$ cat work06.cif   # mmCIF, C-alpha atoms and all ligand atoms
data_input
#
loop_
_atom_site.label_atom_id
_atom_site.label_comp_id
_atom_site.auth_asym_id
_atom_site.auth_seq_id
_atom_site.Cartn_x
_atom_site.Cartn_y
_atom_site.Cartn_z
CA MET A 1 38.74 272.99 -79.65
CA SER A 2 41.08 270.02 -79.47
CA ALA A 3 42.13 269.23 -75.93
CA LYS A 4 45.39 267.54 -76.89
CA THR A 5 48.24 269.75 -75.83
CA GLU A 6 51.86 269.54 -74.81
CA THR A 7 51.24 271.74 -71.77
CA PRO A 8 49.36 270.07 -68.92
CA ILE A 9 45.97 271.58 -68.19
CA LEU A 10 46.06 272.64 -64.52
CA ALA A 11 43.04 274.97 -64.65
CA TYR A 12 40.06 274.57 -66.97
CA GLU A 13 36.71 276.28 -67.31
CA ILE A 14 33.34 274.57 -67.02
CA HIS A 15 30.04 276.40 -66.48
CA GLY A 16 31.90 279.64 -65.67
CA ASN A 17 33.81 277.97 -62.85
CA CYS A 18 37.56 277.39 -62.71
CA TYR A 19 38.34 273.71 -62.20
CA LEU A 20 41.74 272.70 -60.85
CA ASN A 21 43.62 269.58 -61.84
CA ILE A 22 46.24 269.11 -59.09
CA THR A 23 46.83 265.35 -59.03
CA SER A 24 46.21 262.06 -60.82
CA GLU A 25 46.38 260.00 -57.62
CA CYS A 26 43.25 258.37 -56.21
CA THR A 27 42.25 256.24 -53.25
CA LEU A 28 39.50 254.70 -55.34
CA ARG A 29 39.73 252.97 -58.72
CA CYS A 30 36.25 253.62 -60.03
CA GLN A 31 35.36 251.34 -62.88
CA PHE A 32 33.30 254.15 -64.45
CA CYS A 33 36.18 256.64 -64.32
CA PRO A 34 37.39 257.90 -67.72
CA LYS A 35 41.00 257.12 -66.78
CA TYR A 36 40.12 253.46 -66.27
CA ASN A 37 38.38 253.50 -69.62
CA ARG A 38 41.42 254.58 -71.63
CA THR A 39 40.84 258.30 -71.76
CA TRP A 40 42.06 261.23 -69.71
CA GLU A 41 39.66 263.62 -71.40
CA VAL A 42 36.87 265.38 -69.55
CA GLN A 43 34.61 267.62 -71.61
CA GLU A 44 37.33 267.87 -74.29
CA TYR A 45 40.03 268.80 -71.79
CA ASP A 46 42.96 266.42 -71.67
CA LEU A 47 43.71 266.13 -67.93
CA THR A 48 46.86 264.04 -68.31
CA LEU A 49 49.52 265.14 -65.82
CA THR A 50 53.11 264.09 -66.41
CA ARG A 51 53.96 265.22 -62.86
CA GLU A 52 52.17 266.86 -59.96
CA PRO A 53 52.11 270.66 -60.29
CA THR A 54 53.41 273.06 -57.67
CA VAL A 55 51.23 275.61 -55.88
CA ASP A 56 52.77 278.42 -57.93
CA GLU A 57 52.13 276.61 -61.20
CA VAL A 58 48.46 276.15 -60.32
CA LEU A 59 48.07 279.77 -59.20
CA GLU A 60 49.66 280.91 -62.45
CA ALA A 61 47.29 278.70 -64.44
CA ILE A 62 44.30 280.25 -62.62
CA GLY A 63 45.41 283.78 -63.39
CA ASP A 64 42.83 286.31 -62.24
CA PRO A 65 40.29 284.21 -60.30
CA SER A 66 37.68 287.00 -60.31
CA ARG A 67 36.86 285.97 -63.91
CA TYR A 68 35.16 282.90 -62.46
CA LYS A 69 32.13 282.22 -60.30
CA GLN A 70 33.85 279.59 -58.18
CA ILE A 71 37.12 277.69 -57.80
CA VAL A 72 36.54 273.92 -57.93
CA PHE A 73 39.14 271.30 -57.11
CA CYS A 74 38.30 268.49 -59.50
CA GLY A 75 40.43 266.59 -61.98
CA LEU A 76 40.99 262.93 -62.75
CA GLY A 77 42.51 262.45 -59.32
CA GLU A 78 41.46 262.98 -55.71
CA PRO A 79 42.40 266.56 -54.69
CA THR A 80 42.75 265.72 -50.99
CA LYS A 81 45.58 263.32 -51.86
CA ARG A 82 47.62 266.55 -52.03
CA PHE A 83 46.11 267.95 -48.88
CA ASP A 84 48.70 270.64 -48.09
CA VAL A 85 48.75 271.89 -51.68
CA LEU A 86 44.97 272.03 -51.75
CA ILE A 87 44.84 274.00 -48.51
CA GLU A 88 47.49 276.48 -49.68
CA ILE A 89 45.76 277.16 -53.00
CA ALA A 90 42.32 277.37 -51.37
CA HIS A 91 43.71 279.79 -48.78
CA GLU A 92 45.00 282.03 -51.55
CA MET A 93 41.65 281.89 -53.37
CA LYS A 94 39.74 282.79 -50.18
CA ARG A 95 42.15 285.67 -49.64
CA LYS A 96 41.08 286.92 -53.07
CA GLY A 97 37.41 286.65 -52.12
CA MET A 98 36.59 283.50 -54.08
CA SER A 99 34.14 280.76 -53.24
CA VAL A 100 35.90 277.37 -53.09
CA ARG A 101 34.46 273.91 -53.68
CA VAL A 102 36.20 270.55 -53.46
CA ASN A 103 34.85 267.56 -55.33
CA THR A 104 36.07 264.64 -53.27
CA ASP A 105 35.82 260.93 -52.50
CA GLY A 106 35.37 261.86 -48.82
CA LEU A 107 38.27 259.64 -47.76
CA ALA A 108 40.69 262.32 -46.55
CA ASN A 109 40.22 261.43 -42.88
CA LEU A 110 40.89 257.76 -43.62
CA VAL A 111 44.01 258.57 -45.62
CA GLU A 112 45.37 261.28 -43.30
CA GLY A 113 44.58 259.31 -40.15
CA HIS A 114 42.80 262.16 -38.37
CA ASP A 115 39.88 264.54 -38.83
CA VAL A 116 40.93 267.14 -41.40
CA THR A 117 37.50 268.75 -41.78
CA PRO A 118 38.09 271.64 -39.31
CA GLU A 119 41.20 272.67 -41.27
CA MET A 120 39.38 272.38 -44.58
CA ALA A 121 36.43 274.41 -43.31
CA LYS A 122 38.70 277.44 -42.83
CA VAL A 123 39.28 277.73 -46.61
CA VAL A 124 36.63 275.57 -48.30
CA ASP A 125 33.00 276.65 -48.65
CA GLU A 126 31.49 273.60 -50.31
CA LEU A 127 32.18 269.91 -50.56
CA SER A 128 30.72 267.63 -53.16
CA ILE A 129 31.27 264.12 -51.84
CA SER A 130 30.88 261.00 -53.98
CA LEU A 131 28.45 258.75 -52.14
CA ASN A 132 28.36 256.56 -55.23
CA ALA A 133 26.03 253.91 -53.80
CA GLN A 134 23.48 253.11 -51.12
CA ASN A 135 25.55 250.41 -49.45
CA GLU A 136 29.09 249.11 -49.06
CA GLU A 137 28.66 246.15 -51.38
CA VAL A 138 27.54 248.23 -54.38
CA TYR A 139 30.03 250.99 -53.48
CA ASN A 140 32.96 248.58 -53.44
CA ARG A 141 31.89 246.98 -56.69
CA HIS A 142 31.92 250.30 -58.54
CA THR A 143 34.74 252.16 -56.81
CA ARG A 144 37.19 249.33 -55.98
CA PRO A 145 38.73 251.10 -52.93
CA ARG A 146 42.43 250.63 -52.16
CA ARG A 147 41.61 250.87 -48.43
CA GLU A 148 39.34 248.83 -46.15
CA GLY A 149 36.33 250.59 -44.65
CA ALA A 150 36.07 253.26 -47.34
CA PHE A 151 32.26 253.42 -47.45
CA GLU A 152 31.88 253.93 -43.69
CA ALA A 153 34.82 256.36 -43.66
CA MET A 154 33.17 258.43 -46.42
CA LEU A 155 29.89 258.61 -44.46
CA ASP A 156 31.73 259.61 -41.29
CA PHE A 157 33.69 262.27 -43.19
CA THR A 158 30.38 263.63 -44.51
CA LYS A 159 29.01 264.02 -40.96
CA LYS A 160 32.18 265.70 -39.76
CA ALA A 161 32.36 268.02 -42.78
CA LYS A 162 28.81 269.21 -42.12
CA LYS A 163 29.58 269.72 -38.43
CA ALA A 164 32.70 271.71 -39.36
CA GLY A 165 30.48 274.15 -41.24
CA MET A 166 30.99 273.34 -44.92
CA ALA A 167 28.02 273.11 -47.29
CA VAL A 168 27.92 269.42 -48.18
CA THR A 169 26.35 267.67 -51.14
CA LEU A 170 26.40 263.92 -51.60
CA SER A 171 26.25 262.67 -55.16
CA ALA A 172 25.64 259.43 -56.99
CA ILE A 173 25.50 258.48 -60.64
CA ASP A 174 22.10 257.51 -61.95
CA GLY A 175 22.14 254.48 -64.22
CA LEU A 176 25.08 252.57 -62.71
CA GLU A 177 24.20 248.92 -62.23
CA GLY A 178 22.79 248.28 -58.75
CA VAL A 179 22.81 251.93 -57.66
CA ASP A 180 19.48 252.93 -56.13
CA ILE A 181 19.30 256.69 -56.58
CA ASP A 182 16.26 257.07 -54.34
CA GLN A 183 18.00 255.28 -51.49
CA CYS A 184 21.10 257.42 -52.04
CA GLN A 185 18.93 260.52 -51.79
CA ARG A 186 17.38 259.24 -48.56
CA ILE A 187 20.86 258.72 -47.06
CA ALA A 188 21.69 262.35 -47.85
CA GLU A 189 18.41 263.57 -46.40
CA GLY A 190 18.97 261.48 -43.27
CA MET A 191 22.31 263.19 -42.78
CA GLY A 192 20.85 266.65 -43.37
CA VAL A 193 22.95 267.35 -46.48
CA GLU A 194 22.07 268.07 -50.12
CA PHE A 195 21.91 265.38 -52.77
CA ARG A 196 22.80 265.57 -56.44
CA ARG A 197 21.97 262.94 -59.00
CA ARG A 198 24.77 262.83 -61.52
CA VAL A 199 24.82 261.61 -65.07
CA LEU A 200 27.78 259.51 -66.19
CA ASP A 201 30.61 261.56 -67.78
CA ASN A 202 29.10 264.90 -66.81
CA VAL A 203 31.59 266.79 -64.68
CA GLY A 204 30.55 269.69 -62.53
S1 LIG B 301 37.69 259.08 -57.44
FE1 LIG B 301 37.22 260.22 -59.33
S2 LIG B 301 39.18 260.42 -60.41
FE2 LIG B 301 39.45 258.82 -58.82
S3 LIG B 301 39.05 256.88 -59.85
FE3 LIG B 301 37.10 257.56 -58.95
S4 LIG B 301 36.05 258.75 -60.58
FE4 LIG B 301 38.23 258.53 -61.17
#
$ encode --input "work06.cif" --output "structure tokens"
Amino acid sequence: MSAKTETPILAYEIHGNCYLNITSECTLRCQFCPKYNRTWEVQEYDLTLTREPTVDEVLEAIGDPSRYKQIVFCGLGEPTKRFDVLIEIAHEMKRKGMSVRVNTDGLANLVEGHDVTPEMAKVVDELSISLNAQNEEVYNRHTRPRREGAFEAMLDFTKKAKKAGMAVTLSAIDGLEGVDIDQCQRIAEGMGVEFRRRVLDNVG
């Protein structure tokens, strides 16, 4: 199936889950990101957004959520950059009995200026947080943050998210220059959260 379409893809299916594409904005500028490598395609879905969708547009794109195993906020943008929209959609999905996961850079507290994890925990079951690297130097090299202190802020967010009651997984991409996957795994273990080794360009 060709992914090129006139209509923006707001909801797309991967592994039986419904993925939501609610923004193109990011706090990071990851050098490994498809959008910084001249493509907006993820697994044959063209995730180009000409504008940010409304809550109603996203809900319409989901349709009947019970067809899916889980609702996952994950596009070529950081879902928490549209925090209120994320919360509203997640609330509606929880009301319909769905499990909700957010794939995130873990920088929402830094961006919002306060701890948002208690509010998220009311409507989000799982967080997959991009650890990306075992230290700030390697992290900054690969993710090129727009804000100072991103690495520490992401680790602090991870601790708070766990404390707030969400199931947290840290992830890093195996094979990126300088990234020590074993050390990344030890960081996750030290924080008492899960770890997932990712492969470049595999979304999920
Ligand atoms: S946070 Fe995700 S979407 Fe944003 S630049 Fe990095 S890889 Fe791309």
$ residues_around --input "work06.cif" --residues "stretch 6-14 of chain A" --least-positions-apart "4" --cutoff "7 Å" --atoms "only C-alpha atoms" --output "ChimeraX atom specification"
/A:18-22,46-49,58,61-62
$ atom_distance --input "work06.cif" --atom1 "atom CA of A:Glu119" --atom2 "atom CA of A:Ile87"
8.2 Å
$ residues_near_point --input "work06.cif" --point "(42.9, 265.2, -56.8)" --cutoff "7 Å" --atoms "all atoms listed in the file" --output "VMD selection string"
chain A and resid 21 to 26 74 to 82
$ residues_near_ligand --input "work06.cif" --ligand "ligand LIG 301 (chain B)" --cutoff "10 Å" --atoms "all atoms listed in the file" --output "PDB file with C-alpha atoms, in the coordinates of the input"
ATOM      1  CA  THR A  23      46.830 265.350 -59.030  1.00  0.00           C
ATOM      2  CA  SER A  24      46.210 262.060 -60.820  1.00  0.00           C
ATOM      3  CA  GLU A  25      46.380 260.000 -57.620  1.00  0.00           C
ATOM      4  CA  CYS A  26      43.250 258.370 -56.210  1.00  0.00           C
ATOM      5  CA  THR A  27      42.250 256.240 -53.250  1.00  0.00           C
ATOM      6  CA  LEU A  28      39.500 254.700 -55.340  1.00  0.00           C
ATOM      7  CA  ARG A  29      39.730 252.970 -58.720  1.00  0.00           C
ATOM      8  CA  CYS A  30      36.250 253.620 -60.030  1.00  0.00           C
ATOM      9  CA  GLN A  31      35.360 251.340 -62.880  1.00  0.00           C
ATOM     10  CA  PHE A  32      33.300 254.150 -64.450  1.00  0.00           C
ATOM     11  CA  CYS A  33      36.180 256.640 -64.320  1.00  0.00           C
ATOM     12  CA  PRO A  34      37.390 257.900 -67.720  1.00  0.00           C
ATOM     13  CA  LYS A  35      41.000 257.120 -66.780  1.00  0.00           C
ATOM     14  CA  TYR A  36      40.120 253.460 -66.270  1.00  0.00           C
ATOM     15  CA  ASN A  37      38.380 253.500 -69.620  1.00  0.00           C
ATOM     16  CA  TRP A  40      42.060 261.230 -69.710  1.00  0.00           C
ATOM     17  CA  CYS A  74      38.300 268.490 -59.500  1.00  0.00           C
ATOM     18  CA  GLY A  75      40.430 266.590 -61.980  1.00  0.00           C
ATOM     19  CA  LEU A  76      40.990 262.930 -62.750  1.00  0.00           C
ATOM     20  CA  GLY A  77      42.510 262.450 -59.320  1.00  0.00           C
ATOM     21  CA  GLU A  78      41.460 262.980 -55.710  1.00  0.00           C
ATOM     22  CA  PRO A  79      42.400 266.560 -54.690  1.00  0.00           C
ATOM     23  CA  ASN A 103      34.850 267.560 -55.330  1.00  0.00           C
ATOM     24  CA  THR A 104      36.070 264.640 -53.270  1.00  0.00           C
ATOM     25  CA  ASP A 105      35.820 260.930 -52.500  1.00  0.00           C
ATOM     26  CA  GLY A 106      35.370 261.860 -48.820  1.00  0.00           C
ATOM     27  CA  LEU A 107      38.270 259.640 -47.760  1.00  0.00           C
ATOM     28  CA  ILE A 129      31.270 264.120 -51.840  1.00  0.00           C
ATOM     29  CA  SER A 130      30.880 261.000 -53.980  1.00  0.00           C
ATOM     30  CA  ASN A 132      28.360 256.560 -55.230  1.00  0.00           C
ATOM     31  CA  HIS A 142      31.920 250.300 -58.540  1.00  0.00           C
ATOM     32  CA  THR A 143      34.740 252.160 -56.810  1.00  0.00           C
ATOM     33  CA  ARG A 144      37.190 249.330 -55.980  1.00  0.00           C
ATOM     34  CA  PRO A 145      38.730 251.100 -52.930  1.00  0.00           C
ATOM     35  CA  ASP A 201      30.610 261.560 -67.780  1.00  0.00           C
TER      36      ASP A 201
END
$ closest_residue --input "work06.cif" --among "A:Leu127, A:Ala164, A:Leu86, A:Met154" --to "A:Val102" --atoms "only C-alpha atoms"
A:Leu127
$ decode --input "work06.cif" --residues "stretch 121-153 of chain A" --atoms "N, CA, C and O atoms" --output "CSV table (one decimal), in the first residue's frame"
chain,number,residue,atom,x,y,z
A,121,ALA,N,-0.9,10.2,34.8
A,121,ALA,CA,-1.2,8.8,35.3
A,121,ALA,C,-2.7,8.5,35.5
A,121,ALA,O,-3.1,7.4,35.5
A,122,LYS,N,-3.5,9.6,35.5
A,122,LYS,CA,-5.0,9.3,35.5
A,122,LYS,C,-5.5,8.7,34.3
A,122,LYS,O,-6.5,8.0,34.3
A,123,VAL,N,-4.9,8.9,33.1
A,123,VAL,CA,-5.4,8.5,31.8
A,123,VAL,C,-4.4,7.7,31.0
A,123,VAL,O,-4.7,7.3,29.9
A,124,VAL,N,-3.2,7.5,31.5
A,124,VAL,CA,-2.1,6.9,30.7
A,124,VAL,C,-1.7,5.7,31.5
A,124,VAL,O,-1.3,5.8,32.7
A,125,ASP,N,-1.7,4.5,30.9
A,125,ASP,CA,-1.2,3.3,31.6
A,125,ASP,C,0.3,3.1,31.5
A,125,ASP,O,0.9,2.7,32.4
A,126,GLU,N,0.8,3.3,30.3
A,126,GLU,CA,2.2,3.0,30.0
A,126,GLU,C,3.0,4.2,29.4
A,126,GLU,O,2.4,4.9,28.5
A,127,LEU,N,4.2,4.3,29.7
A,127,LEU,CA,5.1,5.3,29.1
A,127,LEU,C,6.3,4.6,28.5
A,127,LEU,O,6.9,3.8,29.2
A,128,SER,N,6.6,4.9,27.3
A,128,SER,CA,7.9,4.5,26.7
A,128,SER,C,8.7,5.7,26.5
A,128,SER,O,8.4,6.6,25.7
A,129,ILE,N,9.8,5.8,27.3
A,129,ILE,CA,10.5,7.0,27.3
A,129,ILE,C,11.9,6.8,26.6
A,129,ILE,O,12.6,5.8,26.9
A,130,SER,N,12.2,7.7,25.7
A,130,SER,CA,13.5,7.6,25.0
A,130,SER,C,14.7,8.0,25.9
A,130,SER,O,14.9,9.2,26.0
A,131,LEU,N,15.4,7.0,26.4
A,131,LEU,CA,16.6,7.3,27.1
A,131,LEU,C,17.7,7.7,26.2
A,131,LEU,O,18.5,8.7,26.4
A,132,ASN,N,17.7,7.0,25.1
A,132,ASN,CA,18.6,7.4,23.9
A,132,ASN,C,20.1,7.1,24.2
A,132,ASN,O,20.8,6.7,23.3
A,133,ALA,N,20.6,7.4,25.4
A,133,ALA,CA,22.1,7.2,25.6
A,133,ALA,C,22.3,7.1,27.1
A,133,ALA,O,21.5,7.4,27.9
A,134,GLN,N,23.6,6.6,27.4
A,134,GLN,CA,24.0,6.4,28.8
A,134,GLN,C,24.5,7.6,29.5
A,134,GLN,O,24.7,7.6,30.7
A,135,ASN,N,24.7,8.7,28.7
A,135,ASN,CA,25.2,9.9,29.4
A,135,ASN,C,24.8,11.1,28.6
A,135,ASN,O,24.3,11.0,27.4
A,136,GLU,N,24.9,12.3,29.2
A,136,GLU,CA,24.5,13.6,28.6
A,136,GLU,C,25.2,13.9,27.3
A,136,GLU,O,24.6,14.4,26.3
A,137,GLU,N,26.5,13.6,27.3
A,137,GLU,CA,27.3,13.9,26.1
A,137,GLU,C,26.8,13.2,24.9
A,137,GLU,O,26.6,13.8,23.8
A,138,VAL,N,26.6,11.9,25.0
A,138,VAL,CA,26.2,11.1,23.8
A,138,VAL,C,24.7,11.4,23.5
A,138,VAL,O,24.3,11.5,22.3
A,139,TYR,N,23.9,11.6,24.6
A,139,TYR,CA,22.5,12.0,24.4
A,139,TYR,C,22.4,13.3,23.5
A,139,TYR,O,21.7,13.4,22.6
A,140,ASN,N,23.2,14.3,23.9
A,140,ASN,CA,23.1,15.6,23.2
A,140,ASN,C,23.6,15.5,21.8
A,140,ASN,O,23.0,16.1,20.9
A,141,ARG,N,24.6,14.6,21.6
A,141,ARG,CA,25.1,14.5,20.3
A,141,ARG,C,24.0,13.9,19.3
A,141,ARG,O,23.9,14.3,18.2
A,142,HIS,N,23.3,13.0,19.8
A,142,HIS,CA,22.3,12.3,18.9
A,142,HIS,C,20.9,13.0,18.9
A,142,HIS,O,20.3,12.9,17.9
A,143,THR,N,20.6,13.7,20.0
A,143,THR,CA,19.2,14.2,20.0
A,143,THR,C,19.2,15.7,19.8
A,143,THR,O,18.1,16.3,19.6
A,144,ARG,N,20.3,16.4,20.0
A,144,ARG,CA,20.4,17.8,19.7
A,144,ARG,C,19.2,18.6,20.4
A,144,ARG,O,18.4,19.2,19.7
A,145,PRO,N,19.1,18.6,21.7
A,145,PRO,CA,18.0,19.2,22.4
A,145,PRO,C,17.9,20.7,22.2
A,145,PRO,O,18.9,21.3,22.1
A,146,ARG,N,16.6,21.2,22.1
A,146,ARG,CA,16.4,22.7,22.0
A,146,ARG,C,16.6,23.3,23.4
A,146,ARG,O,16.6,24.5,23.5
A,147,ARG,N,16.5,22.5,24.5
A,147,ARG,CA,16.5,23.0,25.8
A,147,ARG,C,17.8,22.5,26.6
A,147,ARG,O,18.2,21.4,26.4
A,148,GLU,N,18.3,23.3,27.5
A,148,GLU,CA,19.4,22.9,28.4
A,148,GLU,C,18.9,21.9,29.4
A,148,GLU,O,17.7,22.0,29.8
A,149,GLY,N,19.7,21.0,29.8
A,149,GLY,CA,19.4,20.1,30.9
A,149,GLY,C,18.4,19.0,30.5
A,149,GLY,O,17.7,18.4,31.4
A,150,ALA,N,18.3,18.7,29.2
A,150,ALA,CA,17.3,17.7,28.8
A,150,ALA,C,17.5,16.3,29.3
A,150,ALA,O,16.6,15.6,29.8
A,151,PHE,N,18.8,15.9,29.3
A,151,PHE,CA,19.1,14.5,29.8
A,151,PHE,C,18.7,14.3,31.2
A,151,PHE,O,18.0,13.4,31.6
A,152,GLU,N,19.1,15.2,32.1
A,152,GLU,CA,18.7,15.1,33.5
A,152,GLU,C,17.2,15.2,33.7
A,152,GLU,O,16.6,14.5,34.5
A,153,ALA,N,16.6,16.1,32.9
A,153,ALA,CA,15.1,16.3,33.0
A,153,ALA,C,14.4,15.0,32.7
A,153,ALA,O,13.4,14.7,33.3
